Amino acid sequence: MKKLLVIAMMGIMAVSAVGCGASKDDQKIQSEAKTETEIVQIPSDFVEAASLDAAKDIAGFTMTAPDTVDGYTEKNISVLDLEDKMIQVIYSQDEKELVIRKEAMGSDGVKDISGDYTEYAEKNEFDVNGQKITASGSEGEIYTAVWADDNYNYSVGSTDGLTQDSLKELVSKIQ
């Protein structure tokens, strides 16, 4: 009797397991739903600008930056269109980027606008055309440099690193 009861229970469990599975139509609908999933991105507060003149119209101030930088083939200009306006020029090639930023100084005064919060092993200060530049990096390469004048904060960031001489040359072309 016990054997018969155990066999009957096993049969019921097998039938219920098969019955709980999804039909082929259900599986097709689920598969189609997965392929139609929309990717949602957080909107950016940066507005693309065709030129530094167009960026000036959005930001309300001018920026001077090199037309080209050796080693980079692409150039993208954008403006952070919030209360604190910022013009950003990104030079890129493949995976490397060089980012130059200028922001009108607000009530919070002098600040680091680079967006790079890495704690680098080396931090140096030097002078370029009367401006005190604070540069951070490691192993002789500079990855971030920041400075300010009376009205604006500036930064240069490089994924590949810059030498002090190449950074000085670059900074002298930025206003």
# chains A, B, ... in the order shown; residues from 1 in each chain; ligands from 1
call {"tool": "residues_around", "arguments": {"residues": "Tyr72 of chain A", "least_positions_apart": "4", "cutoff": "9 Å", "atoms": "only C-alpha atoms", "output": "PyMOL selection string"}}
result
chain A and resi 68+91-94+96-98
call {"tool": "write_last_selection", "arguments": {"atoms": "N, CA and C atoms", "output": "PDB file, in the first residue's frame"}}
result
ATOM      1  N   THR A  68      42.994  73.004 -32.412  1.00  0.00           N
ATOM      2  CA  THR A  68      43.395  71.592 -32.437  1.00  0.00           C
ATOM      3  C   THR A  68      44.459  71.370 -31.371  1.00  0.00           C
ATOM      4  N   TYR A  91      38.677  67.302 -26.495  1.00  0.00           N
ATOM      5  CA  TYR A  91      39.458  66.800 -27.624  1.00  0.00           C
ATOM      6  C   TYR A  91      39.599  65.303 -27.385  1.00  0.00           C
ATOM      7  N   SER A  92      39.377  64.490 -28.416  1.00  0.00           N
ATOM      8  CA  SER A  92      39.438  63.045 -28.211  1.00  0.00           C
ATOM      9  C   SER A  92      40.002  62.328 -29.423  1.00  0.00           C
ATOM     10  N   GLN A  93      40.480  61.144 -29.158  1.00  0.00           N
ATOM     11  CA  GLN A  93      40.896  60.204 -30.192  1.00  0.00           C
ATOM     12  C   GLN A  93      40.882  58.834 -29.553  1.00  0.00           C
ATOM     13  N   ASP A  94      40.135  57.928 -30.158  1.00  0.00           N
ATOM     14  CA  ASP A  94      39.957  56.578 -29.619  1.00  0.00           C
ATOM     15  C   ASP A  94      39.497  56.682 -28.170  1.00  0.00           C
ATOM     16  N   LYS A  96      41.280  58.099 -25.604  1.00  0.00           N
ATOM     17  CA  LYS A  96      41.888  59.172 -24.817  1.00  0.00           C
ATOM     18  C   LYS A  96      41.139  60.487 -25.007  1.00  0.00           C
ATOM     19  N   GLU A  97      41.117  61.282 -23.922  1.00  0.00           N
ATOM     20  CA  GLU A  97      40.434  62.572 -23.933  1.00  0.00           C
ATOM     21  C   GLU A  97      41.269  63.637 -23.226  1.00  0.00           C
ATOM     22  N   LEU A  98      41.110  64.850 -23.719  1.00  0.00           N
ATOM     23  CA  LEU A  98      41.671  66.033 -23.088  1.00  0.00           C
ATOM     24  C   LEU A  98      40.498  66.996 -22.920  1.00  0.00           C
TER      25      LEU A  98
END
call {"tool": "residues_around", "arguments": {"residues": "segment 119-126 of chain A", "least_positions_apart": "5", "cutoff": "6 Å", "atoms": "only C-alpha atoms", "output": "PyMOL selection string"}}
result
chain A and resi 132-138
call {"tool": "atom_distance", "arguments": {"atom1": "atom CA of Ala55 of chain A", "atom2": "atom CA of Asn153 of chain A"}}
result
16.4 Å
call {"tool": "select_by_dssp", "arguments": {"residues": "segment 64-114 of chain A", "states": "strand (DSSP E)", "output": "PyMOL selection string"}}
result
chain A and resi 74-80+86-93+96-104
call {"tool": "residues_around", "arguments": {"residues": "Ser107 of chain A", "least_positions_apart": "3", "cutoff": "10 Å", "atoms": "only C-alpha atoms", "output": "ChimeraX atom specification"}}
result
/A:84,104,110
call {"tool": "write_last_selection", "arguments": {"atoms": "N, CA and C atoms", "output": "compact mmCIF listing (two decimals), in the first residue's frame"}}
result
# COMPACT_ATOMS: atom_id res chain seq x y z
N ASP A 84 25.15 77.86 -12.58
CA ASP A 84 26.59 78.08 -12.79
C ASP A 84 26.94 77.58 -14.17
N ALA A 104 32.14 80.47 -14.94
CA ALA A 104 32.02 81.76 -14.27
C ALA A 104 31.99 81.52 -12.76
N VAL A 110 36.49 80.23 -5.67
CA VAL A 110 37.45 79.38 -6.35
C VAL A 110 37.15 77.92 -6.02
call {"tool": "closest_residue", "arguments": {"among": "A:Ile174, A:Asp160, A:Lys75, A:Glu103", "to": "Ile142 of chain A", "atoms": "only C-alpha atoms"}}
result
A:Asp160
call {"tool": "residues_around", "arguments": {"residues": "Leu167 of chain A", "least_positions_apart": "3", "cutoff": "12 Å", "atoms": "only C-alpha atoms", "output": "list in words"}}
result
Val69, Leu98, Ile100, Phe126, Asp127, Val128, Ile133, Thr134, Ala135, Ser136, Glu141, Ile142, Tyr143, Thr144, Ala145, Val146, Ser155, Val156, Gly157, Ser158, Gly161, Leu162, Thr163, Gln164, Leu170, Val171, Ser172, Lys173 and Ile174 of chain A
call {"tool": "write_last_selection", "arguments": {"atoms": "C-alpha atoms", "output": "short mmCIF file (atom, residue, chain, number, x, y, z; two decimals), in the first residue's frame"}}
result
data_model
loop_
_atom_site.label_atom_id
_atom_site.label_comp_id
_atom_site.auth_asym_id
_atom_site.auth_seq_id
_atom_site.Cartn_x
_atom_site.Cartn_y
_atom_site.Cartn_z
CA VAL A 69 45.63 69.71 -30.02
CA LEU A 98 41.67 66.03 -23.09
CA ILE A 100 39.27 71.97 -20.94
CA PHE A 126 53.72 76.43 -10.92
CA ASP A 127 53.17 79.74 -12.66
CA VAL A 128 51.97 80.35 -16.24
CA ILE A 133 48.35 76.42 -11.60
CA THR A 134 47.75 73.46 -9.29
CA ALA A 135 48.58 70.22 -11.11
CA SER A 136 47.93 66.66 -9.92
CA GLU A 141 52.47 62.80 -15.67
CA ILE A 142 49.85 65.48 -14.99
CA TYR A 143 46.23 64.33 -15.22
CA THR A 144 44.43 67.36 -13.78
CA ALA A 145 45.27 71.04 -13.52
CA VAL A 146 43.11 73.79 -12.02
CA SER A 155 40.59 73.14 -15.49
CA VAL A 156 42.43 70.81 -17.84
CA GLY A 157 42.03 67.05 -17.54
CA SER A 158 43.85 64.39 -19.53
CA GLY A 161 48.66 62.57 -18.83
CA LEU A 162 50.64 65.65 -19.82
CA THR A 163 54.16 66.85 -19.13
CA GLN A 164 54.55 70.12 -17.26
CA LEU A 170 48.22 74.52 -23.37
CA VAL A 171 47.28 76.76 -20.43
CA SER A 172 48.85 79.77 -22.17
CA LYS A 173 46.27 79.32 -24.98
CA ILE A 174 43.22 79.21 -22.68
#
call {"tool": "select_by_dssp", "arguments": {"residues": "segment 13-174 of chain A", "states": "alpha helix (DSSP H)", "output": "MDAnalysis selection string"}}
result
chainID A and resid 13:20 24:35 52:59 164:171
call {"tool": "write_last_selection", "arguments": {"atoms": "N, CA, C and O atoms", "output": "compact mmCIF listing (two decimals), in the first residue's frame"}}
result
# COMPACT_ATOMS: atom_id res chain seq x y z
N MET A 13 3.34 14.70 -8.68
CA MET A 13 4.37 15.73 -8.69
C MET A 13 4.92 15.95 -10.09
O MET A 13 5.18 17.08 -10.51
N ALA A 14 5.10 14.87 -10.84
CA ALA A 14 5.63 14.99 -12.20
C ALA A 14 4.65 15.75 -13.08
O ALA A 14 5.03 16.62 -13.87
N VAL A 15 3.35 15.42 -12.97
CA VAL A 15 2.34 16.09 -13.78
C VAL A 15 2.25 17.57 -13.40
O VAL A 15 2.16 18.44 -14.26
N SER A 16 2.32 17.90 -12.11
CA SER A 16 2.20 19.29 -11.70
C SER A 16 3.43 20.09 -12.14
O SER A 16 3.33 21.27 -12.47
N ALA A 17 4.61 19.50 -12.15
CA ALA A 17 5.82 20.19 -12.60
C ALA A 17 5.73 20.54 -14.08
O ALA A 17 6.10 21.62 -14.50
N VAL A 18 5.21 19.62 -14.88
CA VAL A 18 5.05 19.87 -16.31
C VAL A 18 3.98 20.93 -16.53
O VAL A 18 4.13 21.82 -17.37
N GLY A 19 2.93 20.91 -15.76
CA GLY A 19 1.84 21.87 -15.90
C GLY A 19 2.24 23.28 -15.53
O GLY A 19 1.67 24.25 -16.01
N CYS A 20 3.24 23.44 -14.67
CA CYS A 20 3.67 24.77 -14.22
C CYS A 20 4.58 25.45 -15.24
O CYS A 20 4.82 26.64 -15.15
N LYS A 24 4.97 27.42 -25.16
CA LYS A 24 5.86 28.02 -26.15
C LYS A 24 5.39 29.42 -26.51
O LYS A 24 6.18 30.31 -26.74
N ASP A 25 4.07 29.64 -26.56
CA ASP A 25 3.54 30.98 -26.85
C ASP A 25 3.93 31.96 -25.76
O ASP A 25 4.30 33.09 -26.03
N ASP A 26 3.84 31.52 -24.49
CA ASP A 26 4.24 32.39 -23.37
C ASP A 26 5.71 32.72 -23.45
O ASP A 26 6.12 33.86 -23.22
N GLN A 27 6.54 31.74 -23.80
CA GLN A 27 7.98 31.97 -23.90
C GLN A 27 8.29 32.96 -25.03
O GLN A 27 9.14 33.81 -24.90
N LYS A 28 7.55 32.86 -26.14
CA LYS A 28 7.76 33.77 -27.27
C LYS A 28 7.40 35.20 -26.87
O LYS A 28 8.12 36.13 -27.17
N ILE A 29 6.30 35.37 -26.16
CA ILE A 29 5.88 36.70 -25.72
C ILE A 29 6.93 37.29 -24.77
O ILE A 29 7.30 38.45 -24.89
N GLN A 30 7.43 36.47 -23.84
CA GLN A 30 8.45 36.95 -22.91
C GLN A 30 9.72 37.34 -23.67
O GLN A 30 10.35 38.35 -23.38
N SER A 31 10.09 36.54 -24.65
CA SER A 31 11.29 36.84 -25.44
C SER A 31 11.13 38.13 -26.21
O SER A 31 12.03 38.96 -26.27
N GLU A 32 9.95 38.34 -26.82
CA GLU A 32 9.70 39.57 -27.56
C GLU A 32 9.72 40.77 -26.63
O GLU A 32 10.22 41.83 -26.97
N ALA A 33 9.19 40.63 -25.43
CA ALA A 33 9.18 41.72 -24.47
C ALA A 33 10.61 42.11 -24.09
O ALA A 33 10.93 43.28 -23.93
N LYS A 34 11.48 41.12 -23.97
CA LYS A 34 12.87 41.41 -23.61
C LYS A 34 13.58 42.16 -24.72
O LYS A 34 14.38 43.04 -24.47
N THR A 35 13.29 41.84 -25.98
CA THR A 35 13.98 42.51 -27.08
C THR A 35 13.45 43.91 -27.31
O THR A 35 14.11 44.72 -27.93
N LEU A 52 32.85 77.91 -30.27
CA LEU A 52 33.02 78.68 -29.03
C LEU A 52 32.16 79.94 -29.05
O LEU A 52 31.70 80.40 -28.00
N ASP A 53 31.89 80.50 -30.24
CA ASP A 53 30.98 81.64 -30.34
C ASP A 53 29.56 81.24 -29.94
O ASP A 53 28.88 81.99 -29.23
N ALA A 54 29.12 80.07 -30.41
CA ALA A 54 27.80 79.58 -30.03
C ALA A 54 27.74 79.28 -28.53
O ALA A 54 26.73 79.53 -27.88
N ALA A 55 28.83 78.77 -27.99
CA ALA A 55 28.89 78.50 -26.54
C ALA A 55 28.78 79.79 -25.75
O ALA A 55 28.13 79.84 -24.70
N LYS A 56 29.40 80.85 -26.25
CA LYS A 56 29.32 82.17 -25.61
C LYS A 56 27.88 82.64 -25.51
O LYS A 56 27.46 83.19 -24.49
N ASP A 57 27.10 82.40 -26.57
CA ASP A 57 25.70 82.82 -26.56
C ASP A 57 24.89 82.10 -25.49
O ASP A 57 23.97 82.68 -24.91
N ILE A 58 25.23 80.86 -25.20
CA ILE A 58 24.52 80.08 -24.18
C ILE A 58 25.02 80.44 -22.78
O ILE A 58 24.24 80.66 -21.86
N ALA A 59 26.36 80.51 -22.62
CA ALA A 59 26.95 80.69 -21.30
C ALA A 59 26.97 82.15 -20.84
O ALA A 59 26.95 82.42 -19.64
N GLN A 164 54.72 68.76 -17.74
CA GLN A 164 54.55 70.12 -17.26
C GLN A 164 54.72 71.12 -18.40
O GLN A 164 53.96 72.09 -18.50
N ASP A 165 55.68 70.90 -19.28
CA ASP A 165 55.90 71.81 -20.41
C ASP A 165 54.71 71.84 -21.36
O ASP A 165 54.28 72.92 -21.80
N SER A 166 54.13 70.66 -21.69
CA SER A 166 52.99 70.65 -22.60
C SER A 166 51.76 71.27 -21.94
O SER A 166 50.97 71.95 -22.60
N LEU A 167 51.62 71.09 -20.62
CA LEU A 167 50.51 71.73 -19.91
C LEU A 167 50.68 73.24 -19.90
O LEU A 167 49.72 73.97 -20.15
N LYS A 168 51.89 73.73 -19.63
CA LYS A 168 52.13 75.17 -19.65
C LYS A 168 51.79 75.78 -21.01
O LYS A 168 51.16 76.84 -21.09
N GLU A 169 52.19 75.10 -22.07
CA GLU A 169 51.89 75.58 -23.42
C GLU A 169 50.37 75.62 -23.65
O GLU A 169 49.84 76.59 -24.20
N LEU A 170 49.67 74.59 -23.22
CA LEU A 170 48.22 74.52 -23.37
C LEU A 170 47.53 75.61 -22.56
O LEU A 170 46.66 76.33 -23.07
N VAL A 171 47.91 75.76 -21.30
CA VAL A 171 47.28 76.76 -20.43
C VAL A 171 47.46 78.17 -20.99
O VAL A 171 46.56 79.01 -20.89
call {"tool": "closest_residue", "arguments": {"among": "A:Met105, A:Val99, A:Val47, A:Met63", "to": "Thr159 of chain A", "atoms": "only C-alpha atoms"}}
result
A:Val99
call {"tool": "residues_around", "arguments": {"residues": "Arg101 of chain A", "least_positions_apart": "5", "cutoff": "7 Å", "atoms": "only C-alpha atoms", "output": "PyMOL selection string"}}
result
chain A and resi 86-89+154-156
call {"tool": "closest_residue", "arguments": {"among": "A:Thr118, A:Thr64, A:Ala148, A:Asp81", "to": "Asp45 of chain A", "atoms": "only C-alpha atoms"}}
result
A:Asp81
